[in-house]
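J.: What follows is the file input08.tsv, containing TSV, C-alpha atoms:
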chain	number	residue	atom	x	y	z
A	136	MET	CA	0.00	0.00	0.00
A	137	PHE	CA	1.39	3.40	-0.88
A	138	SER	CA	0.20	6.92	-1.39
A	139	VAL	CA	0.28	8.69	-4.76
A	140	ARG	CA	0.04	12.07	-3.12
A	141	GLY	CA	2.97	14.39	-2.51
A	142	PRO	CA	6.32	13.70	-4.21
A	143	LYS	CA	5.23	10.20	-5.33
A	144	PHE	CA	2.40	11.70	-7.34
A	145	LYS	CA	4.69	12.79	-10.19
A	146	TYR	CA	5.85	9.20	-10.79
A	147	PHE	CA	2.27	7.96	-10.87
A	148	LEU	CA	1.37	10.80	-13.25
A	149	LEU	CA	4.30	10.04	-15.55
A	150	VAL	CA	3.37	6.35	-15.80
A	151	MET	CA	-0.24	7.24	-16.62
A	152	ALA	CA	0.95	9.77	-19.21
A	153	LEU	CA	3.20	7.27	-20.97
A	154	ILE	CA	0.48	4.62	-21.01
A	155	ALA	CA	-2.06	7.07	-22.47
A	156	PHE	CA	0.39	8.36	-25.10
A	157	ALA	CA	1.51	4.86	-26.13
A	158	ALA	CA	-2.11	3.69	-26.41
A	159	GLY	CA	-2.93	6.77	-28.52
A	160	VAL	CA	-0.01	6.13	-30.87
A	161	TYR	CA	-1.01	2.48	-31.28
A	162	ILE	CA	-4.66	3.27	-32.02
A	163	THR	CA	-3.84	6.12	-34.41
A	164	PHE	CA	-0.96	4.65	-36.40
A	165	PHE	CA	-0.95	0.87	-35.97
A	166	GLN	CA	-4.41	-0.41	-35.11
A	167	SER	CA	-5.84	0.87	-38.39
A	168	ALA	CA	-2.94	-0.18	-40.60
A	169	GLY	CA	-4.37	-2.06	-43.59
A	170	TYR	CA	-7.97	-1.62	-42.42
A	171	VAL	CA	-10.68	-0.49	-44.86
A	172	LYS	CA	-13.10	2.32	-44.12
A	173	THR	CA	-16.83	1.76	-44.67
A	174	GLU	CA	-20.23	2.88	-43.45
A	175	ALA	CA	-22.27	0.75	-41.04
A	176	THR	CA	-25.80	0.92	-39.65
A	177	ILE	CA	-26.47	0.49	-35.93
A	178	ALA	CA	-28.54	-2.68	-35.56
A	179	SER	CA	-28.95	-2.72	-31.76
A	180	ILE	CA	-27.85	-0.97	-28.56
A	181	GLU	CA	-28.08	-2.88	-25.27
A	182	VAL	CA	-26.78	-2.34	-21.77
A	183	ASP	CA	-23.66	-4.39	-21.01
A	184	GLU	CA	-24.65	-5.84	-17.63
A	185	GLU	CA	-21.18	-7.28	-17.00
A	186	TRP	CA	-19.41	-3.91	-17.16
A	187	SER	CA	-22.15	-1.61	-15.84
A	188	ASP	CA	-22.77	-0.48	-12.27
A	189	SER	CA	-24.79	2.16	-10.40
A	190	GLU	CA	-22.35	4.92	-11.37
A	191	ASP	CA	-21.44	4.02	-14.94
A	192	THR	CA	-23.29	2.28	-17.76
A	193	SER	CA	-21.60	0.44	-20.64
A	194	TYR	CA	-23.33	-0.49	-23.89
A	195	ILE	CA	-23.08	-3.24	-26.48
A	196	VAL	CA	-23.41	-1.74	-29.97
A	197	MET	CA	-23.99	-4.11	-32.91
A	198	VAL	CA	-23.67	-2.78	-36.48
A	199	ASP	CA	-24.53	-4.07	-39.96
A	200	TYR	CA	-22.14	-3.41	-42.85
A	201	VAL	CA	-21.01	-4.80	-46.18
A	202	ALA	CA	-17.38	-5.85	-46.61
A	203	GLU	CA	-15.66	-7.67	-49.45
A	204	GLY	CA	-19.05	-8.38	-51.07
A	205	SER	CA	-20.63	-9.95	-47.99
A	206	ARG	CA	-22.88	-8.60	-45.20
A	207	TYR	CA	-21.69	-8.76	-41.58
A	208	THR	CA	-23.09	-7.96	-38.14
A	209	SER	CA	-20.35	-7.29	-35.56
A	210	ARG	CA	-19.88	-5.58	-32.23
A	211	LEU	CA	-18.40	-2.10	-32.38
A	212	ASP	CA	-15.75	-1.17	-29.81
A	213	SER	CA	-17.19	2.29	-29.09
A	214	TYR	CA	-20.36	4.10	-28.07
A	215	SER	CA	-21.44	7.74	-28.21
A	216	ASP	CA	-24.33	9.58	-26.54
A	217	GLY	CA	-27.05	10.24	-29.09
A	218	TRP	CA	-26.54	7.05	-31.02
A	219	LYS	CA	-29.70	5.14	-31.82
A	220	VAL	CA	-30.75	2.14	-33.88
A	221	GLY	CA	-30.67	2.95	-37.61
A	222	LYS	CA	-27.97	5.63	-37.36
A	223	THR	CA	-25.09	5.42	-39.84
A	224	VAL	CA	-21.55	5.39	-38.39
A	225	THR	CA	-18.07	5.03	-39.86
A	226	VAL	CA	-16.18	1.82	-39.10
A	227	TYR	CA	-12.94	0.18	-40.19
A	228	TYR	CA	-12.69	-3.54	-40.99
A	229	ASP	CA	-9.85	-5.96	-41.49
A	230	PRO	CA	-9.91	-7.12	-45.15
A	231	GLN	CA	-8.29	-10.40	-44.08
A	232	ASN	CA	-11.09	-10.96	-41.53
A	233	PRO	CA	-14.00	-8.58	-42.29
A	234	SER	CA	-15.85	-9.51	-39.08
A	235	VAL	CA	-13.15	-7.65	-37.10
A	236	ILE	CA	-13.94	-3.93	-36.87
A	237	HIS	CA	-13.20	-0.86	-34.78
A	238	GLY	CA	-14.54	2.66	-34.56
A	239	GLY	CA	-11.61	4.60	-35.97
A	240	LYS	CA	-8.72	6.82	-34.92
A	241	GLY	CA	-10.54	9.50	-32.93
A	242	GLY	CA	-9.98	7.89	-29.56
A	243	GLY	CA	-6.28	7.52	-30.29
A	244	VAL	CA	-5.87	11.23	-30.97
A	245	TYR	CA	-7.59	12.06	-27.68
A	246	LEU	CA	-5.32	9.66	-25.82
A	247	MET	CA	-2.21	11.21	-27.36
A	248	VAL	CA	-3.39	14.69	-26.37
A	249	LEU	CA	-4.14	13.42	-22.85
A	250	GLY	CA	-0.67	11.89	-22.66
A	251	VAL	CA	0.99	15.14	-23.68
A	252	VAL	CA	-1.06	17.09	-21.12
A	253	LEU	CA	-0.16	14.63	-18.37
A	254	ILE	CA	3.54	14.74	-19.30
A	255	ALA	CA	3.42	18.54	-19.12
A	256	GLY	CA	1.69	18.19	-15.75
A	257	THR	CA	4.48	15.88	-14.60
A	258	PHE	CA	7.10	18.52	-15.36
A	259	LEU	CA	5.00	21.10	-13.53
A	260	VAL	CA	4.73	18.82	-10.50
A	261	GLY	CA	8.47	18.22	-10.63
A	262	LYS	CA	9.12	21.96	-10.72
A	263	LYS	CA	6.84	22.57	-7.74
A	264	ASN	CA	8.44	19.74	-5.78
A	265	LYS	CA	11.91	21.05	-6.59
A	266	GLU	CA	10.95	24.50	-5.32
A	267	ALA	CA	9.38	23.04	-2.17
A	268	LEU	CA	12.43	20.84	-1.52
A	269	ALA	CA	14.74	23.82	-1.94
A	270	GLU	CA	12.70	25.71	0.62
A	271	MET	CA	12.77	22.67	2.91
A	272	GLU	CA	16.56	22.54	2.61
A	273	THR	CA	16.68	26.19	3.66
A	274	GLN	CA	14.55	25.36	6.69
A	275	ARG	CA	16.73	22.34	7.50
A	276	ALA	CA	19.89	24.47	7.26
A	277	LYS	CA	18.40	26.64	10.00
A	278	GLY	CA	17.96	23.57	12.19
A	279	GLY	CA	14.45	22.58	11.21
A	280	MET	CA	11.71	22.42	13.81
A	281	THR	CA	13.29	22.90	17.23
A	282	CYS	CA	11.14	23.02	20.35
A	283	ALA	CA	11.74	25.55	23.09
A	284	PRO	CA	13.27	24.29	26.36
A	285	SER	CA	10.76	22.74	28.75
A	286	VAL	CA	9.41	25.11	31.37
A	287	LYS	CA	7.17	23.64	34.05
A	288	GLY	CA	3.98	25.43	34.98
A	289	GLU	CA	0.72	24.54	36.64
A	290	GLU	CA	-1.00	21.42	35.42
A	291	ARG	CA	-3.60	22.19	32.78
A	292	GLU	CA	-6.27	20.25	30.92
A	293	LEU	CA	-6.18	21.32	27.29
A	294	TYR	CA	-7.76	20.22	24.03
A	295	PHE	CA	-6.22	19.41	20.66
A	296	LEU	CA	-8.61	19.92	17.74
A	297	THR	CA	-8.35	19.43	13.98
A	298	ASP	CA	-10.22	21.45	11.39
A	299	MET	CA	-12.50	19.23	9.33
A	300	GLY	CA	-14.33	19.55	6.03
A	301	THR	CA	-11.67	21.54	4.19
A	302	PRO	CA	-8.46	20.68	2.26
A	303	LYS	CA	-6.65	23.45	4.14
A	304	TYR	CA	-7.14	21.81	7.49
A	305	GLY	CA	-5.04	22.86	10.45
A	306	HIS	CA	-4.73	22.07	14.14
A	307	ARG	CA	-4.95	23.97	17.42
A	308	ILE	CA	-4.73	23.62	21.17
A	309	GLU	CA	-7.42	25.34	23.24
A	310	ASP	CA	-7.85	25.80	26.97
A	311	LYS	CA	-11.07	25.11	28.87
A	312	ASP	CA	-12.33	28.60	27.97
A	313	ARG	CA	-11.81	27.87	24.24
A	314	LYS	CA	-8.91	30.28	24.04
A	315	VAL	CA	-6.49	29.17	21.29
A	316	LEU	CA	-3.02	28.80	22.79
A	317	TYR	CA	-1.12	27.24	19.89
A	318	GLU	CA	-2.05	26.45	16.30
A	319	ALA	CA	-0.79	25.38	12.91
A	320	LYS	CA	-2.58	27.30	10.19
A	321	MET	CA	-2.18	26.30	6.52
A	322	THR	CA	-1.28	29.32	4.41
A	323	LYS	CA	-0.76	27.55	1.07
A	324	PHE	CA	-2.33	24.29	-0.06
A	325	SER	CA	-0.70	22.13	-2.73
A	326	PRO	CA	-2.05	18.78	-3.98
A	327	PHE	CA	1.45	17.77	-5.09
A	328	ALA	CA	4.16	19.57	-3.10
A	329	ALA	CA	4.39	20.30	0.62
A	330	HIS	CA	1.84	22.59	2.29
A	331	HIS	CA	2.91	25.93	3.77
A	332	PHE	CA	1.96	26.42	7.41
A	333	ASP	CA	2.35	29.07	10.06
A	334	PHE	CA	2.93	27.66	13.54
A	335	ILE	CA	1.58	30.29	15.94
A	336	ASP	CA	2.44	30.29	19.64
A	337	HIS	CA	-0.19	32.68	20.96
A	338	GLU	CA	1.10	32.50	24.54
A	339	HIS	CA	4.49	33.86	23.52
A	340	GLY	CA	3.52	35.83	20.39
A	341	VAL	CA	5.77	33.82	18.07
A	342	THR	CA	4.91	32.79	14.49
A	343	THR	CA	7.18	30.37	12.57
A	344	PRO	CA	6.68	29.20	8.95
A	345	HIS	CA	7.02	25.49	8.21
A	346	LEU	CA	6.53	23.08	5.32
A	347	VAL	CA	4.29	20.12	6.09
A	348	GLY	CA	4.33	17.22	3.65
A	349	HIS	CA	1.43	14.99	2.66
A	350	GLU	CA	0.59	12.04	4.86
A	351	GLU	CA	2.12	8.83	3.54
A	352	GLU	CA	1.28	5.21	4.33
A	353	THR	CA	3.49	2.20	3.64
A	354	GLU	CA	2.52	-1.40	4.29
A	355	VAL	CA	5.16	-3.19	6.36
A	356	ASN	CA	3.45	-6.35	7.56
A	357	ALA	CA	-0.16	-6.96	6.57
A	358	PHE	CA	-0.53	-9.98	8.89
A	359	LEU	CA	0.29	-7.95	12.00
A	360	LEU	CA	-1.39	-4.78	10.68
A	361	ASP	CA	1.91	-2.98	11.03
A	362	ASN	CA	1.73	-0.13	8.56
A	363	HIS	CA	3.94	2.96	8.65
A	364	TYR	CA	2.19	6.34	8.77
A	365	THR	CA	4.21	9.51	8.44
A	366	PHE	CA	4.71	12.92	6.88
A	367	ASP	CA	7.63	15.31	6.53
A	368	LEU	CA	8.14	18.54	8.44
A	369	ASP	CA	10.64	20.85	6.73
A	370	GLY	CA	11.94	17.87	4.75
A	371	GLU	CA	12.51	15.64	7.78
A	372	GLU	CA	10.27	12.75	8.76
A	373	ILE	CA	8.09	13.84	11.67
A	374	TRP	CA	9.19	10.92	13.90
A	375	LYS	CA	12.85	11.89	13.43
A	376	THR	CA	11.97	15.48	14.30
A	377	LEU	CA	10.36	14.36	17.55
A	378	LYS	CA	13.35	12.22	18.50
A	379	ARG	CA	15.77	15.02	17.60
A	380	ASN	CA	13.93	17.15	20.14
A	381	GLY	CA	14.23	14.45	22.80
A	382	ILE	CA	10.57	13.43	22.60
A	383	SER	CA	9.50	9.84	23.15
A	384	VAL	CA	6.00	8.43	23.51
A	385	ASP	CA	4.64	5.38	25.32
A	386	THR	CA	1.33	4.18	23.91
A	387	GLU	CA	-1.28	2.68	26.23
A	388	ARG	CA	-4.64	1.15	25.52
A	389	GLN	CA	-7.44	2.90	27.36
A	390	GLU	CA	-9.47	0.57	29.55
A	391	GLY	CA	-12.52	-0.68	27.68
A	392	SER	CA	-11.41	0.93	24.42
A	393	VAL	CA	-9.13	0.15	21.48
A	394	TRP	CA	-8.24	3.84	21.24
A	395	PRO	CA	-4.91	4.85	22.76
A	396	ARG	CA	-3.54	7.13	25.41
A	397	PHE	CA	-0.11	8.62	24.70
A	398	ARG	CA	2.34	9.40	27.53
A	399	VAL	CA	4.73	12.00	26.15
A	400	SER	CA	8.22	12.40	27.61
A	401	ARG	CA	11.01	14.79	26.82
A	402	ASP	CA	14.55	13.76	27.70
A	403	GLY	CA	13.07	10.98	29.82
A	404	GLU	CA	10.69	13.19	31.85
A	405	GLU	CA	6.94	12.98	31.26
A	406	ILE	CA	5.53	16.28	30.03
A	407	ALA	CA	2.02	15.41	28.83
A	408	ILE	CA	-0.71	12.81	28.41
A	409	LEU	CA	-2.76	12.74	25.21
A	410	GLU	CA	-6.02	10.83	25.30
A	411	ALA	CA	-7.85	10.08	22.05
A	412	THR	CA	-11.39	11.43	22.08
A	413	SER	CA	-14.24	12.42	19.78
A	414	ASN	CA	-14.36	15.70	17.91
A	415	HIS	CA	-16.36	17.09	20.86
A	416	VAL	CA	-13.36	17.32	23.16
A	417	HIS	CA	-14.79	19.91	25.54
A	418	GLU	CA	-16.80	18.15	28.23
A	419	GLU	CA	-19.89	20.27	27.73
A	420	ASP	CA	-19.93	19.47	24.00
A	421	GLU	CA	-19.41	15.81	24.73
A	422	GLU	CA	-22.43	15.81	27.04
A	423	LYS	CA	-24.57	17.32	24.28
A	424	HIS	CA	-23.41	14.68	21.81
A	425	LYS	CA	-23.50	11.50	23.87
A	426	VAL	CA	-23.77	9.33	20.78
A	427	LEU	CA	-20.21	10.33	19.91
A	428	LYS	CA	-18.87	10.16	23.44
A	429	LYS	CA	-17.06	6.86	23.03
A	430	ILE	CA	-16.08	7.26	19.38
A	431	ALA	CA	-12.52	8.47	18.97
A	432	VAL	CA	-11.82	10.57	15.87
A	433	LYS	CA	-8.42	11.00	14.24
A	434	GLY	CA	-6.92	14.35	15.21
A	435	PHE	CA	-8.74	15.05	18.51
A	436	TYR	CA	-7.16	14.65	21.96
A	437	ARG	CA	-7.71	15.69	25.54
A	438	ILE	CA	-4.36	16.82	26.98
A	439	TRP	CA	-3.00	16.98	30.50
A	440	THR	CA	0.29	18.88	30.71
A	441	ARG	CA	2.46	21.09	32.91
A	442	GLU	CA	4.28	22.59	29.97
A	443	GLU	CA	4.39	26.35	29.68
A	444	ASN	CA	5.96	26.12	26.23
A	445	LEU	CA	3.49	24.04	24.23
A	446	ASP	CA	5.46	23.54	21.02
A	447	ALA	CA	6.73	20.05	21.96
A	448	VAL	CA	3.28	18.92	23.10
A	449	PHE	CA	1.60	20.47	20.07
A	450	LEU	CA	4.06	18.91	17.63
A	451	THR	CA	3.54	15.48	19.20
A	452	ALA	CA	-0.24	15.77	19.02
A	453	MET	CA	-0.02	16.97	15.42
A	454	ALA	CA	2.26	14.05	14.50
A	455	PHE	CA	-0.25	11.48	15.75
A	456	GLY	CA	-3.38	13.42	14.77
A	457	ARG	CA	-2.27	14.11	11.22
A	458	SER	CA	-0.65	10.77	10.42
A	459	GLY	CA	-2.98	8.42	12.29
A	460	ALA	CA	-0.01	6.49	13.70
A	461	LEU	CA	-0.20	4.78	17.10
A	462	ASN	CA	3.43	4.84	18.21
A	463	ASP	CA	6.40	7.20	17.96
A	464	GLU	CA	7.89	5.25	15.04
A	465	GLY	CA	4.84	5.79	12.84
A	466	GLY	CA	3.47	2.29	13.31
A	467	ASP	CA	0.04	1.04	14.32
A	468	PHE	CA	-1.35	-1.81	16.38
A	469	GLY	CA	1.20	-4.29	15.06
A	470	LYS	CA	3.97	-3.05	17.34
A	471	MET	CA	1.60	-2.84	20.30
A	472	MET	CA	0.50	-6.43	19.69
A	473	ARG	CA	4.09	-7.65	19.62
A	474	GLN	CA	4.98	-5.74	22.78
A	475	SER	CA	1.96	-7.21	24.58
A	476	LEU	CA	2.96	-10.69	23.38
A	477	LYS	CA	6.53	-10.23	24.63
A	478	GLN	CA	5.27	-9.03	28.02
A	479	SER	CA	2.90	-11.98	28.33
A	480	LEU	CA	5.77	-14.38	27.54
A	481	GLY	CA	8.02	-12.62	30.05
A	482	LYS	CA	10.55	-11.54	27.47
What is this structure when it is put down as structure tokens?

T.:
Amino acid sequence: MFSVRGPKFKYFLLVMALIAFAAGVYITFFQSAGYVKTEATIASIEVDEEWSDSEDTSYIVMVDYVAEGSRYTSRLDSYSDGWKVGKTVTVYYDPQNPSVIHGGKGGGVYLMVLGVVLIAGTFLVGKKNKEALAEMETQRAKGGMTCAPSVKGEERELYFLTDMGTPKYGHRIEDKDRKVLYEAKMTKFSPFAAHHFDFIDHEHGVTTPHLVGHEEETEVNAFLLDNHYTFDLDGEEIWKTLKRNGISVDTERQEGSVWPRFRVSRDGEEIAILEATSNHVHEEDEEKHKVLKKIAVKGFYRIWTREENLDAVFLTAMAFGRSGALNDEGGDFGKMMRQSLKQSLGK
């Protein structure tokens, strides 16, 4: 399993472009070689049950035509809206086997044009990625994302929320009074290259630009459900960024729930607890929406922390909330299952 978003998208696009262009060249210049053009009359149009579904309908078109002095009825390999029984259409037949026909070169020309457009799009994607990577390298040269030193304060219950229903979704931490303390706001969306974000520390009045890559998923072990979920921050994988800042996370299963609780430590000292929750993270909202009370939603956490500087806590919550991972290596339940098995065997 892999994602075709982000940098990988250009390779997917290039393959599709080459396939479309090659198919267009074949249809236009080779498929019709030696074929004879003639006029045919549509004899019947029926729904192709085998290739039709609720979203798309395919049709079987049979045509009558005369070839090499004999009359034939064959299936045409194309269909167009507005066709009806009795309409005259142009077909091409093989003089060596007149029952073999096709609808002509038009589709091939369209495929060649599509291929050229996709190839041009590939170069555009490559240019955008190159520009984004250059900007990432600039960010990395400055040290990348570095969290402020830990400063202990009073223990607080906070809430991590994710914007939903928009491609330009961001994240924020609020206090119990719904005051936004820290947020990541997308300033430039790109379907291919990295997104531009402003990380805003409202408590300290600091705004820092960052480049956030698309979420990627790689299948590691399907049997143990151990996939790898990640994204890049300023050109560095988010899990490496966390470790570079001394952040480690122990994942716990909440009692009576498959959804996790994350114990976040920095340089070996616990600084926060993140508990997966529904998108109604404030208790009063949760009470109003009891049906969602026990349903955890990706990107929403209740936080208990003593951190005055929230950047480390925020970055950790964003890493898990945006990627959907369940441990600080980007994995999911596979690692947790193996750890539980080792503990049960006393290893």

J.: Within 9 Å of segment 181-185 of chain A, counting all atoms listed in the file, which residues qualify if same-chain residues fewer than 5 places away don't, as a list of chain:residue names?

T.: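 My list of contacting residues is A:Thr192, A:Ser193, A:Tyr194, A:Ile195, A:Val196, A:Met197.
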
J.: How many Å separate atom CA of Val347 of chain A from atom CA of Ala329 of chain A?

T.: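 Result for atom CA of Val347 of chain A versus atom CA of Ala329 of chain A: 5.5 Å, one decimal.
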
J.: Could you check which of A:Pro302, A:Pro284, A:Gly278, A:Pro344 is closest to Gly381 of chain A, using only C-alpha atoms?

T.: A:Pro284

J.: So the first atom is atom CA of Arg396 of chain A and the second is atom CA of Phe334 of chain A; what is the distance between them in Å, to one decimal place?

T.: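 Computing the Euclidean distance for atom CA of Arg396 of chain A and atom CA of Phe334 of chain A yields 24.6 Å.
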
J.: Would you be able to write out as a PyMOL selection string which residues have an atom within 8 Å of (3.1, 27.6, 22.4) in the file's coordinates, counting only C-alpha atoms?

T.: chain A and resi 316-317+335-339+443-446+449

J.: For His363 of chain A, which of A:Thr176, A:Ser234, A:Thr257, A:Ser458 is the closest residue, counting all atoms listed in the file?

T.: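 Under the stated criterion, the closest residue is A:Ser458.
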
J.: If you take all atoms listed in the file and a cut-off of 9 Å, which residues of segment 204-309 of chain A touch segment 404-420 of chain A, and what are their nearest atom pairs and distances in Å to one decimal, in chain and number order, as a tab-separated table?

T.:
residue	atom	partner	partner_atom	distance
A:Ser285	CA	A:Ile406	CA	8.4
A:Lys287	CA	A:Ile406	CA	8.5
A:Leu293	CA	A:His417	CA	8.9
A:Tyr294	CA	A:Val416	CA	6.4
A:Phe295	CA	A:Val416	CA	7.8
A:Leu296	CA	A:Asn414	CA	7.1
A:Thr297	CA	A:Asn414	CA	8.1

J.: Show me, as a PyMOL selection string, the residues that have an atom within 8 Å of segment 242-254 of chain A when counting all atoms listed in the file, minus same-chain residues fewer than 5 positions from it.

T.: chain A and resi 148-149+151-163

J.: Rounded to one decimal place, report the atom CA of Asp312 of chain A-atom CA of Ser400 of chain A distance in Å.

T.: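 Separating atom CA of Asp312 of chain A from atom CA of Ser400 of chain A is a distance of 26.2 Å.
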
J.: Can you work out which one of A:Ala255, A:Ala283, A:Leu346, A:Val220 has the shortest atom-to-atom distance to Asp369 of chain A, counting all atoms listed in the file?

T.: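 Ranked by minimum distance to Asp369 of chain A, first place goes to A:Leu346.
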
J.: Hey, what's within 8 Å of Ser383 of chain A if we count all atoms listed in the file and toss same-chain stuff fewer than 6 positions away? As a ChimeraX atom specification, please?

T.: /A:377,399-403,463

J.: Might I get the box with edges along x, y and z of the file that holds all atoms of segment 450-469 of chain A listed there, padded by 3 Å on every side, given as centre and edge lengths in Å to one decimal, as JSON?

T.:
{"center_x": 2.3, "center_y": 7.3, "center_z": 14.8, "size_x": 17.3, "size_y": 29.2, "size_z": 14.8}

J.: When you look at segment 199-205 of chain A with a cut-off of 10 Å (counting all atoms listed in the file), what residues show up, excluding the ones that are within fewer than 3 positions of it in the same chain? I need them as number ranges by chain.

T.: A: 171-179, 208-211, 221, 223-234

J.: Looking at only C-alpha atoms, which of A:Glu350, A:Asp333, A:Glu270, A:Glu387 is the one that sits closest to Glu372 of chain A?

T.: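 Ranked by minimum distance to Glu372 of chain A, first place goes to A:Glu350.
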
J.: Which residue out of A:Ile180, A:Ala452, A:Met280, A:Ala269 has the minimum interatomic distance to Glu371 of chain A when all atoms listed in the file are used?

T.: A:Met280
